[in-house]
$ cat entry.csv   # CSV, C-alpha atoms and all ligand atoms
chain,number,residue,atom,x,y,z
A,1,MET,CA,1.6,-19.0,-47.6
A,2,THR,CA,1.2,-15.8,-45.7
A,3,THR,CA,2.9,-14.9,-42.4
A,4,TYR,CA,1.0,-12.8,-39.8
A,5,ASN,CA,2.0,-11.1,-36.6
A,6,VAL,CA,0.2,-12.4,-33.6
A,7,ALA,CA,0.6,-10.3,-30.4
A,8,LEU,CA,0.3,-12.2,-27.2
A,9,ASN,CA,-0.7,-10.2,-24.2
A,10,PHE,CA,0.1,-11.9,-21.0
A,11,GLU,CA,-1.5,-11.4,-17.6
A,12,ASP,CA,1.4,-9.5,-16.2
A,13,GLY,CA,1.2,-6.8,-18.8
A,14,VAL,CA,4.0,-8.2,-21.0
A,15,THR,CA,3.3,-8.4,-24.8
A,16,ARG,CA,5.3,-10.6,-27.2
A,17,VAL,CA,4.8,-10.7,-30.9
A,18,ILE,CA,5.2,-13.9,-32.8
A,19,GLN,CA,5.1,-14.7,-36.5
A,20,CYS,CA,2.5,-17.3,-37.5
A,21,GLU,CA,1.9,-18.8,-40.9
A,22,ASP,CA,-1.7,-18.9,-42.1
A,23,ASP,CA,-1.5,-22.7,-42.0
A,24,GLU,CA,0.1,-22.9,-38.6
A,25,MET,CA,-1.6,-23.1,-35.2
A,26,VAL,CA,-0.8,-20.3,-32.8
A,27,THR,CA,0.4,-22.6,-30.1
A,28,GLU,CA,2.8,-24.2,-32.5
A,29,ALA,CA,4.1,-20.9,-33.7
A,30,ALA,CA,4.5,-19.7,-30.2
A,31,PHE,CA,6.3,-22.9,-29.2
A,32,ARG,CA,8.7,-22.5,-32.2
A,33,GLN,CA,9.5,-19.0,-30.9
A,34,LYS,CA,10.1,-20.3,-27.3
A,35,ILE,CA,6.8,-19.2,-25.9
A,36,ASN,CA,4.8,-21.9,-24.1
A,37,ILE,CA,1.1,-21.0,-24.2
A,38,PRO,CA,-0.5,-23.4,-21.7
A,39,MET,CA,-1.7,-26.5,-23.6
A,40,ASP,CA,-2.2,-30.1,-23.2
A,41,CYS,CA,-4.1,-32.2,-25.7
A,42,ARG,CA,-3.4,-30.0,-28.8
A,43,ASP,CA,-6.6,-31.5,-30.2
A,44,GLY,CA,-9.3,-29.1,-29.2
A,45,VAL,CA,-10.4,-31.5,-26.5
A,46,CYS,CA,-9.2,-30.2,-23.1
A,47,GLY,CA,-9.6,-26.4,-23.3
A,48,THR,CA,-6.3,-25.8,-21.6
A,49,CYS,CA,-5.1,-23.5,-24.4
A,50,LYS,CA,-8.1,-21.2,-24.3
A,51,CYS,CA,-7.3,-17.5,-24.8
A,52,PHE,CA,-9.2,-14.4,-25.8
A,53,ALA,CA,-8.9,-12.9,-29.3
A,54,GLU,CA,-9.0,-9.2,-28.8
A,55,LYS,CA,-8.5,-8.4,-32.5
A,56,GLY,CA,-8.0,-10.0,-35.9
A,57,GLN,CA,-9.4,-12.7,-38.1
A,58,PHE,CA,-8.7,-16.3,-37.8
A,59,GLU,CA,-9.9,-19.8,-38.4
A,60,LEU,CA,-10.6,-22.4,-35.8
A,61,GLU,CA,-10.3,-26.1,-36.6
A,62,PHE,CA,-12.0,-28.9,-34.7
A,63,TYR,CA,-12.9,-28.6,-31.1
A,64,LEU,CA,-15.3,-30.1,-28.6
A,65,ASP,CA,-18.0,-28.1,-26.8
A,66,GLU,CA,-16.5,-29.5,-23.6
A,67,ALA,CA,-13.3,-27.5,-24.4
A,68,MET,CA,-15.0,-24.3,-25.4
A,69,THR,CA,-18.8,-23.6,-25.5
A,70,GLU,CA,-20.5,-21.8,-28.4
A,71,GLU,CA,-21.2,-19.0,-26.0
A,72,GLU,CA,-17.5,-18.6,-25.2
A,73,ALA,CA,-16.6,-18.7,-28.9
A,74,ALA,CA,-19.3,-16.0,-29.6
A,75,GLN,CA,-17.7,-13.9,-26.9
A,76,GLY,CA,-14.3,-14.1,-28.6
A,77,TYR,CA,-12.6,-16.9,-26.8
A,78,VAL,CA,-10.3,-19.1,-28.9
A,79,LEU,CA,-8.6,-22.4,-28.6
A,80,THR,CA,-5.1,-21.4,-29.7
A,81,CYS,CA,-4.1,-25.0,-30.5
A,82,GLN,CA,-6.8,-24.9,-33.2
A,83,MET,CA,-6.4,-21.3,-34.3
A,84,SER,CA,-4.6,-20.2,-37.5
A,85,PRO,CA,-4.5,-16.5,-38.4
A,86,LEU,CA,-6.2,-14.8,-41.4
A,87,SER,CA,-4.8,-11.4,-40.4
A,88,ASP,CA,-2.6,-9.9,-37.8
A,89,CYS,CA,-4.2,-10.8,-34.4
A,90,VAL,CA,-4.0,-9.8,-30.8
A,91,VAL,CA,-4.6,-12.6,-28.3
A,92,ARG,CA,-4.9,-12.3,-24.5
A,93,VAL,CA,-3.2,-15.2,-22.8
A,94,PRO,CA,-4.5,-16.0,-19.3
A,95,ALA,CA,-1.1,-16.7,-17.9
A,96,THR,CA,2.0,-14.7,-17.0
A,97,SER,CA,4.9,-14.3,-19.5
A,98,ALA,CA,7.2,-16.0,-17.0
A,99,ALA,CA,4.9,-19.1,-17.0
A,100,CYS,CA,4.7,-19.1,-20.8
A,101,LYS,CA,8.4,-18.9,-21.5
A,102,THR,CA,9.2,-22.2,-19.8
A,103,ALA,CA,8.4,-25.3,-21.8
A,104,PRO,CA,6.8,-28.1,-19.8
A,105,GLU,CA,9.7,-30.0,-18.5
A,106,PRO,CA,9.9,-33.6,-17.3
A,107,VAL,CA,11.1,-33.8,-13.8
A,108,SER,CA,12.1,-37.2,-12.3
A,109,GLY,CA,11.1,-38.2,-8.9
A,110,GLU,CA,10.4,-41.1,-6.6
A,111,VAL,CA,7.3,-42.3,-4.8
A,112,LEU,CA,7.5,-41.5,-1.1
A,113,GLY,CA,4.2,-43.1,-0.2
A,114,VAL,CA,0.6,-43.7,-1.1
A,115,ASP,CA,-2.1,-43.0,1.5
A,116,ARG,CA,-5.5,-44.6,1.2
A,117,LEU,CA,-7.5,-41.5,2.2
A,118,SER,CA,-10.9,-43.1,1.5
A,119,GLU,CA,-12.5,-45.8,-0.5
A,120,THR,CA,-12.7,-43.4,-3.4
A,121,SER,CA,-9.4,-41.6,-3.2
A,122,PHE,CA,-5.7,-42.0,-2.8
A,123,GLY,CA,-3.0,-39.5,-1.7
A,124,LEU,CA,0.2,-39.8,-3.6
A,125,ARG,CA,3.5,-38.2,-2.2
A,126,VAL,CA,6.4,-37.8,-4.6
A,127,LYS,CA,10.0,-36.6,-3.9
A,128,MET,CA,11.2,-34.6,-6.9
A,129,ALA,CA,14.7,-34.4,-8.1
A,130,LYS,CA,14.2,-30.7,-8.5
A,131,THR,CA,11.3,-28.3,-7.6
A,132,VAL,CA,8.6,-28.0,-10.2
A,133,VAL,CA,7.6,-24.3,-10.3
A,134,PHE,CA,3.9,-24.0,-10.5
A,135,LEU,CA,1.0,-21.7,-9.6
A,136,PRO,CA,-1.5,-23.0,-7.0
A,137,GLY,CA,-4.2,-24.8,-8.9
A,138,GLN,CA,-2.1,-26.0,-11.8
A,139,TYR,CA,-1.6,-29.6,-12.7
A,140,VAL,CA,1.1,-31.9,-14.1
A,141,ASN,CA,1.1,-35.1,-16.1
A,142,VAL,CA,2.2,-37.9,-13.8
A,143,SER,CA,3.7,-41.0,-15.3
A,144,VAL,CA,2.1,-44.3,-14.2
A,145,PRO,CA,5.1,-46.5,-13.2
A,146,GLY,CA,5.5,-49.7,-15.1
A,147,THR,CA,3.4,-48.4,-18.0
A,148,ASP,CA,3.9,-45.9,-20.9
A,149,LYS,CA,0.8,-44.0,-19.7
A,150,HIS,CA,0.4,-40.8,-17.8
A,151,ARG,CA,-2.5,-39.1,-16.0
A,152,SER,CA,-3.1,-35.4,-15.2
A,153,TYR,CA,-3.5,-34.4,-11.6
A,154,SER,CA,-3.6,-31.0,-9.8
A,155,PHE,CA,-1.0,-30.5,-7.1
A,156,SER,CA,-2.6,-30.6,-3.6
A,157,SER,CA,0.7,-29.4,-2.1
A,158,LYS,CA,2.2,-26.0,-1.7
A,159,PRO,CA,4.1,-24.5,-4.7
A,160,GLY,CA,7.9,-24.6,-4.1
A,161,ALA,CA,7.8,-27.6,-1.7
A,162,ASP,CA,10.3,-30.4,-2.3
A,163,GLU,CA,7.5,-33.0,-1.9
A,164,ALA,CA,4.7,-33.0,-4.4
A,165,GLN,CA,1.3,-34.3,-3.3
A,166,PHE,CA,-1.7,-35.3,-5.3
A,167,LEU,CA,-5.2,-36.3,-4.4
A,168,ILE,CA,-6.3,-39.0,-6.9
A,169,ARG,CA,-9.7,-40.4,-7.5
A,170,ASN,CA,-9.9,-44.2,-7.3
A,171,ILE,CA,-11.3,-45.3,-10.6
A,172,PRO,CA,-11.9,-49.1,-10.5
A,173,GLY,CA,-9.8,-50.6,-13.3
A,174,GLY,CA,-8.0,-47.4,-14.0
A,175,VAL,CA,-4.3,-47.7,-14.7
A,176,MET,CA,-3.2,-45.2,-12.0
A,177,SER,CA,-5.7,-46.6,-9.5
A,178,ASN,CA,-4.4,-50.2,-10.2
A,179,TYR,CA,-0.9,-49.0,-9.7
A,180,LEU,CA,-1.6,-47.1,-6.5
A,181,GLY,CA,-3.8,-49.8,-5.0
A,182,GLU,CA,-1.8,-52.8,-5.9
A,183,ARG,CA,1.8,-52.2,-7.0
A,184,ALA,CA,3.0,-48.9,-5.6
A,185,LYS,CA,6.0,-48.9,-3.3
A,186,GLY,CA,8.4,-46.3,-1.9
A,187,GLY,CA,11.3,-45.6,-4.2
A,188,ASP,CA,9.4,-46.3,-7.5
A,189,ALA,CA,10.6,-43.9,-10.2
A,190,ILE,CA,8.0,-41.5,-11.5
A,191,THR,CA,8.0,-38.5,-13.8
A,192,LEU,CA,6.1,-35.3,-13.5
A,193,THR,CA,5.7,-33.1,-16.7
A,194,GLY,CA,4.4,-29.6,-16.4
A,195,PRO,CA,3.1,-27.5,-14.9
A,196,MET,CA,0.0,-26.9,-17.1
A,197,GLY,CA,-3.4,-25.4,-16.9
A,198,THR,CA,-5.0,-22.0,-16.5
A,199,PHE,CA,-6.9,-22.9,-13.4
A,200,TYR,CA,-4.8,-21.1,-10.9
A,201,LEU,CA,-5.3,-18.5,-8.2
A,202,ARG,CA,-5.2,-15.0,-9.5
A,203,PRO,CA,-4.4,-12.0,-7.3
A,204,MET,CA,-7.3,-11.8,-4.8
A,205,GLU,CA,-9.1,-8.4,-5.1
A,206,ARG,CA,-12.5,-9.4,-3.9
A,207,PRO,CA,-14.3,-12.1,-1.9
A,208,GLN,CA,-13.7,-15.7,-3.0
A,209,LEU,CA,-16.1,-18.5,-3.6
A,210,TRP,CA,-14.4,-21.8,-4.1
A,211,LEU,CA,-16.4,-24.9,-5.1
A,212,ALA,CA,-14.8,-28.4,-5.0
A,213,GLY,CA,-16.4,-31.6,-6.2
A,214,GLY,CA,-14.8,-34.8,-4.9
A,215,THR,CA,-11.1,-34.9,-5.7
A,216,GLY,CA,-11.6,-31.5,-7.2
A,217,LEU,CA,-10.5,-30.5,-3.8
A,218,ALA,CA,-6.8,-30.9,-4.7
A,219,PRO,CA,-6.2,-27.5,-6.3
A,220,PHE,CA,-7.9,-25.7,-3.4
A,221,LEU,CA,-5.6,-27.5,-0.9
A,222,SER,CA,-2.7,-26.1,-2.8
A,223,MET,CA,-4.3,-22.6,-2.8
A,224,LEU,CA,-4.9,-22.8,0.9
A,225,GLU,CA,-1.3,-23.9,1.6
A,226,HIS,CA,-0.1,-21.0,-0.6
A,227,LEU,CA,-2.3,-18.5,1.3
A,228,ALA,CA,-1.3,-19.9,4.7
A,229,GLU,CA,2.2,-18.8,3.8
A,230,GLN,CA,1.5,-15.6,1.8
A,231,GLY,CA,-1.4,-14.2,3.9
A,232,ASN,CA,-4.8,-13.1,2.7
A,233,GLU,CA,-7.1,-10.2,3.1
A,234,GLN,CA,-10.3,-11.5,1.4
A,235,PRO,CA,-13.0,-13.7,2.8
A,236,ILE,CA,-13.1,-17.2,1.3
A,237,THR,CA,-16.0,-19.6,1.3
A,238,LEU,CA,-15.2,-23.1,0.3
A,239,TYR,CA,-17.9,-25.5,-0.6
A,240,TYR,CA,-16.7,-29.1,-0.6
A,241,ALA,CA,-19.1,-31.6,-2.1
A,242,ALA,CA,-18.9,-35.4,-2.0
A,243,THR,CA,-21.2,-38.3,-2.3
A,244,ARG,CA,-21.0,-39.7,1.2
A,245,ALA,CA,-19.3,-38.5,4.5
A,246,ALA,CA,-16.8,-41.3,4.0
A,247,ASP,CA,-15.6,-39.7,0.8
A,248,LEU,CA,-14.7,-36.4,2.5
A,249,VAL,CA,-10.9,-36.3,2.9
A,250,GLU,CA,-8.3,-34.0,4.4
A,251,LEU,CA,-10.9,-32.2,6.6
A,252,ASP,CA,-8.4,-31.8,9.5
A,253,ARG,CA,-5.9,-30.2,7.1
A,254,ILE,CA,-8.5,-27.9,5.6
A,255,HIS,CA,-9.7,-26.7,9.0
A,256,ALA,CA,-6.2,-26.2,10.2
A,257,LEU,CA,-5.3,-24.2,7.2
A,258,ALA,CA,-8.6,-22.2,7.4
A,259,LYS,CA,-7.8,-21.3,11.0
A,260,GLN,CA,-4.3,-20.3,10.1
A,261,ILE,CA,-5.4,-18.1,7.2
A,262,GLY,CA,-8.5,-16.7,8.9
A,263,ASN,CA,-11.8,-15.6,7.4
A,264,VAL,CA,-12.2,-18.9,5.6
A,265,THR,CA,-15.6,-20.7,5.9
A,266,VAL,CA,-15.7,-24.4,5.0
A,267,ILE,CA,-19.1,-25.9,4.0
A,268,THR,CA,-19.5,-29.6,3.2
A,269,VAL,CA,-22.4,-30.9,1.1
A,270,LEU,CA,-23.2,-34.6,0.6
A,271,ALA,CA,-25.2,-35.9,-2.3
A,272,ALA,CA,-26.3,-39.2,-0.8
A,273,GLU,CA,-26.7,-38.5,2.9
A,274,GLU,CA,-27.1,-35.7,5.4
A,275,ASP,CA,-23.8,-34.1,6.3
A,276,PRO,CA,-23.3,-33.4,10.0
A,277,HIS,CA,-24.9,-30.0,9.5
A,278,GLY,CA,-27.9,-31.3,7.5
A,279,ARG,CA,-26.7,-30.3,4.1
A,280,LYS,CA,-27.8,-32.9,1.5
A,281,GLY,CA,-27.9,-32.6,-2.2
A,282,PHE,CA,-25.7,-30.7,-4.6
A,283,VAL,CA,-23.8,-27.5,-4.2
A,284,THR,CA,-26.5,-25.6,-6.2
A,285,ASP,CA,-29.1,-26.7,-3.6
A,286,HIS,CA,-27.2,-24.6,-1.0
A,287,LEU,CA,-25.5,-21.8,-2.9
A,288,SER,CA,-27.4,-18.6,-2.3
A,289,ALA,CA,-27.3,-15.1,-3.8
A,290,ASP,CA,-25.6,-14.0,-0.6
A,291,ASP,CA,-22.6,-16.3,-1.6
A,292,LEU,CA,-22.3,-14.3,-4.8
A,293,ASN,CA,-22.1,-11.0,-3.0
A,294,GLY,CA,-24.0,-9.1,-5.6
A,295,GLY,CA,-21.5,-10.3,-8.2
A,296,ASP,CA,-18.4,-8.9,-6.5
A,297,VAL,CA,-16.9,-12.3,-6.1
A,298,ASP,CA,-14.3,-14.5,-7.9
A,299,VAL,CA,-15.7,-18.1,-8.3
A,300,TYR,CA,-13.3,-21.0,-8.7
A,301,LEU,CA,-14.7,-24.5,-9.4
A,302,CYS,CA,-13.0,-27.8,-9.8
A,303,GLY,CA,-15.3,-30.8,-10.4
A,304,PRO,CA,-17.0,-33.0,-12.9
A,305,PRO,CA,-18.5,-31.3,-16.0
A,306,PRO,CA,-22.2,-31.6,-14.8
A,307,MET,CA,-21.2,-29.6,-11.7
A,308,VAL,CA,-19.7,-26.9,-13.8
A,309,ASP,CA,-22.8,-26.7,-16.0
A,310,ALA,CA,-25.1,-26.8,-13.0
A,311,VAL,CA,-23.3,-24.0,-11.2
A,312,ARG,CA,-23.2,-21.8,-14.4
A,313,GLY,CA,-26.9,-22.3,-14.8
A,314,HIS,CA,-27.4,-21.5,-11.1
A,315,PHE,CA,-25.9,-18.1,-11.6
A,316,GLY,CA,-28.6,-17.4,-14.1
A,317,THR,CA,-31.3,-18.7,-11.7
A,318,LEU,CA,-30.0,-16.5,-8.9
A,319,GLY,CA,-29.8,-13.6,-11.4
A,320,VAL,CA,-26.2,-12.8,-10.3
A,321,GLN,CA,-23.1,-13.2,-12.4
A,322,PRO,CA,-19.7,-13.3,-10.6
A,323,ALA,CA,-17.0,-10.9,-11.6
A,324,ASN,CA,-14.9,-13.9,-12.6
A,325,PHE,CA,-15.6,-17.6,-13.0
A,326,TYR,CA,-12.6,-19.9,-13.3
A,327,PHE,CA,-13.2,-23.6,-13.6
A,328,GLU,CA,-11.5,-26.9,-14.2
A,329,LYS,CA,-13.5,-29.9,-15.4
A,330,PHE,CA,-12.4,-33.4,-14.8
A,331,ASN,CA,-11.6,-35.0,-18.1
A,332,PRO,CA,-14.8,-37.0,-18.7
A,333,THR,CA,-12.9,-39.5,-20.9
A,334,GLU,CA,-10.3,-40.3,-18.2
A,335,ALA,CA,-12.3,-43.1,-16.7
A,336,GLU,CA,-12.9,-44.8,-20.0
A,337,ALA,CA,-9.3,-44.3,-21.1
A,338,ASP,CA,-8.2,-45.7,-17.8
A,339,ALA,CA,-10.5,-48.7,-18.0
A,340,ALA,CA,-9.2,-49.6,-21.5
B,1,LIG,S1,-4.6,-27.8,-25.8
B,1,LIG,FE1,-6.4,-28.9,-25.5
B,1,LIG,S2,-7.9,-27.7,-26.5
B,1,LIG,FE2,-6.0,-26.8,-27.0
$ encode --input "entry.csv" --output "structure tokens"
Amino acid sequence: MTTYNVALNFEDGVTRVIQCEDDEMVTEAAFRQKINIPMDCRDGVCGTCKCFAEKGQFELEFYLDEAMTEEEAAQGYVLTCQMSPLSDCVVRVPATSAACKTAPEPVSGEVLGVDRLSETSFGLRVKMAKTVVFLPGQYVNVSVPGTDKHRSYSFSSKPGADEAQFLIRNIPGGVMSNYLGERAKGGDAITLTGPMGTFYLRPMERPQLWLAGGTGLAPFLSMLEHLAEQGNEQPITLYYAATRAADLVELDRIHALAKQIGNVTVITVLAAEEDPHGRKGFVTDHLSADDLNGGDVDVYLCGPPPMVDAVRGHFGTLGVQPANFYFEKFNPTEAEADAA
């Protein structure tokens, strides 16, 4: 067994060096040394632990293309839950050192209420025993009361608030949907574990293009809440896509936040019918080269995997690549797991 040094470079410029055995995964070694690289499944399935290997040789165990594409692997991205070193390595971690030094911690809370926002979504409000510190866009694992299961949801509320809010897709037969639709009542005990995920709002240095598919709106609500408090200099265009007008939720809140922040354009697109402004189809039917501002734009997308793939392909069609493309895919197995 050989031990290698793995330098972890964090977004805030901090570097920490950990020792990692050649038969040990980088996330495990980091965790052992009290550094919490964002991770979730630990199985090469979710992509949460994706980092960039700047130097060194390593092996990658099993992972799904959903978690990291061949193209990303060729560029040098790595899933650190599947990475064991074959030499000293330098790894760029897309999170701050502060975020990584805190292990995901279970925080107890109680249900304040469930709002039936539409036929296809619920709003869940939770009072937490203590504040969960998270970055706007991140998610937590939420326990399903009365079961031993949990589901992952992005906060739709403002970081630092006492009350956590979530926007939850109604999956017929799903364990959380069953709970929310049939059994939930105020005062139910619930546990949030996290925060997790690398889909969070970076410092805004250029125009923003935000793309939300269905309940993928949740992290953008949190970002808007954050900016309404912190202020913002950059123009933001938010495309919000749903199937039908009845599936669009929180529009009053979005418009109020947009007005408060200023320079925010909200565009709705409906797959199955004309929206009030005549936009029918998918986001890619309406996204133009102008939206990409000659590439000087940060694109954030939260939606189902086909939407991520379609938008990525659309950049190629338009012949413009954004400066940054951050995305969060809904877990495609969640519906099946829920239905089990
Ligand atoms: S933690 Fe899910 S792929 Fe590594």
$ atom_distance --input "entry.csv" --atom1 "CA of Leu238 (chain A)" --atom2 "CA of Thr96 (chain A)"
25.8 Å
$ atom_distance --input "entry.csv" --atom1 "CA of Leu257 (chain A)" --atom2 "CA of Ala218 (chain A)"
13.7 Å
$ closest_residue --input "entry.csv" --among "A:Pro106, A:Pro322, A:Gly197, A:Gly187" --to "ligand LIG 1 (chain B)" --atoms "only C-alpha atoms and all ligand atoms"
A:Gly197
$ closest_atom_pairs --input "entry.csv" --of "chain A" --to "ligand LIG 1 (chain B)" --cutoff "6 Å" --atoms "all atoms listed in the file" --output "JSON lines"
{"residue": "A:Met39", "atom": "CA", "partner": "B:LIG1", "partner_atom": "S1", "distance": 3.9}
{"residue": "A:Asp40", "atom": "CA", "partner": "B:LIG1", "partner_atom": "S1", "distance": 4.2}
{"residue": "A:Cys41", "atom": "CA", "partner": "B:LIG1", "partner_atom": "FE1", "distance": 4.0}
{"residue": "A:Arg42", "atom": "CA", "partner": "B:LIG1", "partner_atom": "S1", "distance": 3.9}
{"residue": "A:Asp43", "atom": "CA", "partner": "B:LIG1", "partner_atom": "FE1", "distance": 5.4}
{"residue": "A:Gly44", "atom": "CA", "partner": "B:LIG1", "partner_atom": "S2", "distance": 3.3}
{"residue": "A:Val45", "atom": "CA", "partner": "B:LIG1", "partner_atom": "S2", "distance": 4.5}
{"residue": "A:Cys46", "atom": "CA", "partner": "B:LIG1", "partner_atom": "FE1", "distance": 3.9}
{"residue": "A:Gly47", "atom": "CA", "partner": "B:LIG1", "partner_atom": "S2", "distance": 3.8}
{"residue": "A:Thr48", "atom": "CA", "partner": "B:LIG1", "partner_atom": "S1", "distance": 5.0}
{"residue": "A:Cys49", "atom": "CA", "partner": "B:LIG1", "partner_atom": "FE2", "distance": 4.3}
{"residue": "A:Ala67", "atom": "CA", "partner": "B:LIG1", "partner_atom": "S2", "distance": 5.8}
{"residue": "A:Leu79", "atom": "CA", "partner": "B:LIG1", "partner_atom": "FE2", "distance": 5.4}
{"residue": "A:Cys81", "atom": "CA", "partner": "B:LIG1", "partner_atom": "FE2", "distance": 4.4}
$ residues_around --input "entry.csv" --residues "Leu217 (chain A)" --least-positions-apart "5" --cutoff "10 Å" --atoms "all atoms listed in the file" --output "number ranges by chain"
A: 137, 154, 156, 167-168, 210-212, 222, 238-242, 248-250, 254, 301-303
$ atom_distance --input "entry.csv" --atom1 "CA of Gly123 (chain A)" --atom2 "CA of Asn170 (chain A)"
10.1 Å
$ residues_around --input "entry.csv" --residues "Gln33 (chain A)" --least-positions-apart "4" --cutoff "10 Å" --atoms "only C-alpha atoms" --output "ChimeraX atom specification"
/A:17-20,27-29,101
$ closest_residue --input "entry.csv" --among "A:Pro195, A:Pro207, A:Gly294, A:Gly281" --to "Thr265 (chain A)" --atoms "all atoms listed in the file"
A:Pro207
$ closest_residue --input "entry.csv" --among "A:Gln165, A:Ser157, A:Ser177, A:Thr147" --to "Leu112 (chain A)" --atoms "only C-alpha atoms"
A:Gln165
$ closest_residue --input "entry.csv" --among "A:Arg151, A:Lys127, A:Arg253, A:Arg244" --to "Ala272 (chain A)" --atoms "only C-alpha atoms"
A:Arg244
$ residues_around --input "entry.csv" --residues "Leu86 (chain A)" --least-positions-apart "5" --cutoff "7 Å" --atoms "all atoms listed in the file" --output "ChimeraX atom specification"
/A:22,57-59
$ residues_around --input "entry.csv" --residues "Val311 (chain A)" --least-positions-apart "3" --cutoff "8 Å" --atoms "all atoms listed in the file" --output "list in words"
Val283, Thr284, Met307, Val308, His314 and Phe315 of chain A
$ closest_atom_pairs --input "entry.csv" --of "region 134-164 of chain A" --to "region 226-236 of chain A" --cutoff "8 Å" --atoms "only C-alpha atoms" --output "JSON lines"
{"residue": "A:Pro136", "atom": "CA", "partner": "A:His226", "partner_atom": "CA", "distance": 6.8}
{"residue": "A:Lys158", "atom": "CA", "partner": "A:His226", "partner_atom": "CA", "distance": 5.6}
{"residue": "A:Pro159", "atom": "CA", "partner": "A:His226", "partner_atom": "CA", "distance": 6.8}
$ closest_residue --input "entry.csv" --among "A:Ala164, A:Ala271, A:Leu251, A:Leu287" --to "Val114 (chain A)" --atoms "all atoms listed in the file"
A:Ala164
$ residues_around --input "entry.csv" --residues "Val90 (chain A)" --least-positions-apart "4" --cutoff "8 Å" --atoms "all atoms listed in the file" --output "MDAnalysis selection string"
chainID A and resid 6:9 53:56
$ closest_residue --input "entry.csv" --among "A:Gly146, A:Gly13, A:Pro304, A:Gly295" --to "Ala189 (chain A)" --atoms "only C-alpha atoms"
A:Gly146
$ decode --input "entry.csv" --residues "region 91-102 of chain A" --atoms "N, CA and C atoms" --output "mmCIF file, in the first residue's frame"
data_model
loop_
_atom_site.group_PDB
_atom_site.id
_atom_site.type_symbol
_atom_site.label_atom_id
_atom_site.label_comp_id
_atom_site.auth_asym_id
_atom_site.auth_seq_id
_atom_site.Cartn_x
_atom_site.Cartn_y
_atom_site.Cartn_z
ATOM 1 N N VAL A 91 -6.248 18.412 -7.069
ATOM 2 C CA VAL A 91 -7.662 18.337 -7.437
ATOM 3 C C VAL A 91 -8.336 19.663 -7.110
ATOM 4 N N ARG A 92 -9.033 20.202 -8.100
ATOM 5 C CA ARG A 92 -9.778 21.444 -7.874
ATOM 6 C C ARG A 92 -11.202 21.092 -7.443
ATOM 7 N N VAL A 93 -11.576 21.576 -6.272
ATOM 8 C CA VAL A 93 -12.889 21.252 -5.708
ATOM 9 C C VAL A 93 -13.820 22.446 -5.932
ATOM 10 N N PRO A 94 -14.979 22.234 -6.584
ATOM 11 C CA PRO A 94 -15.858 23.371 -6.890
ATOM 12 C C PRO A 94 -16.720 23.779 -5.701
ATOM 13 N N ALA A 95 -16.075 24.080 -4.593
ATOM 14 C CA ALA A 95 -16.791 24.517 -3.383
ATOM 15 C C ALA A 95 -15.789 25.271 -2.528
ATOM 16 N N THR A 96 -16.274 26.025 -1.574
ATOM 17 C CA THR A 96 -15.357 26.762 -0.710
ATOM 18 C C THR A 96 -14.813 25.844 0.378
ATOM 19 N N SER A 97 -13.678 26.232 0.943
ATOM 20 C CA SER A 97 -13.100 25.422 2.023
ATOM 21 C C SER A 97 -14.042 25.400 3.218
ATOM 22 N N ALA A 98 -14.728 26.519 3.457
ATOM 23 C CA ALA A 98 -15.645 26.566 4.604
ATOM 24 C C ALA A 98 -16.753 25.536 4.422
ATOM 25 N N ALA A 99 -17.276 25.457 3.210
ATOM 26 C CA ALA A 99 -18.360 24.501 2.959
ATOM 27 C C ALA A 99 -17.861 23.074 3.149
ATOM 28 N N CYS A 100 -16.602 22.828 2.810
ATOM 29 C CA CYS A 100 -16.097 21.453 2.827
ATOM 30 C C CYS A 100 -15.618 20.991 4.199
ATOM 31 N N LYS A 101 -15.456 21.911 5.121
ATOM 32 C CA LYS A 101 -14.965 21.480 6.433
ATOM 33 C C LYS A 101 -16.110 21.062 7.344
ATOM 34 N N THR A 102 -17.307 21.279 6.891
ATOM 35 C CA THR A 102 -18.446 20.941 7.730
ATOM 36 C C THR A 102 -19.093 19.674 7.203
#
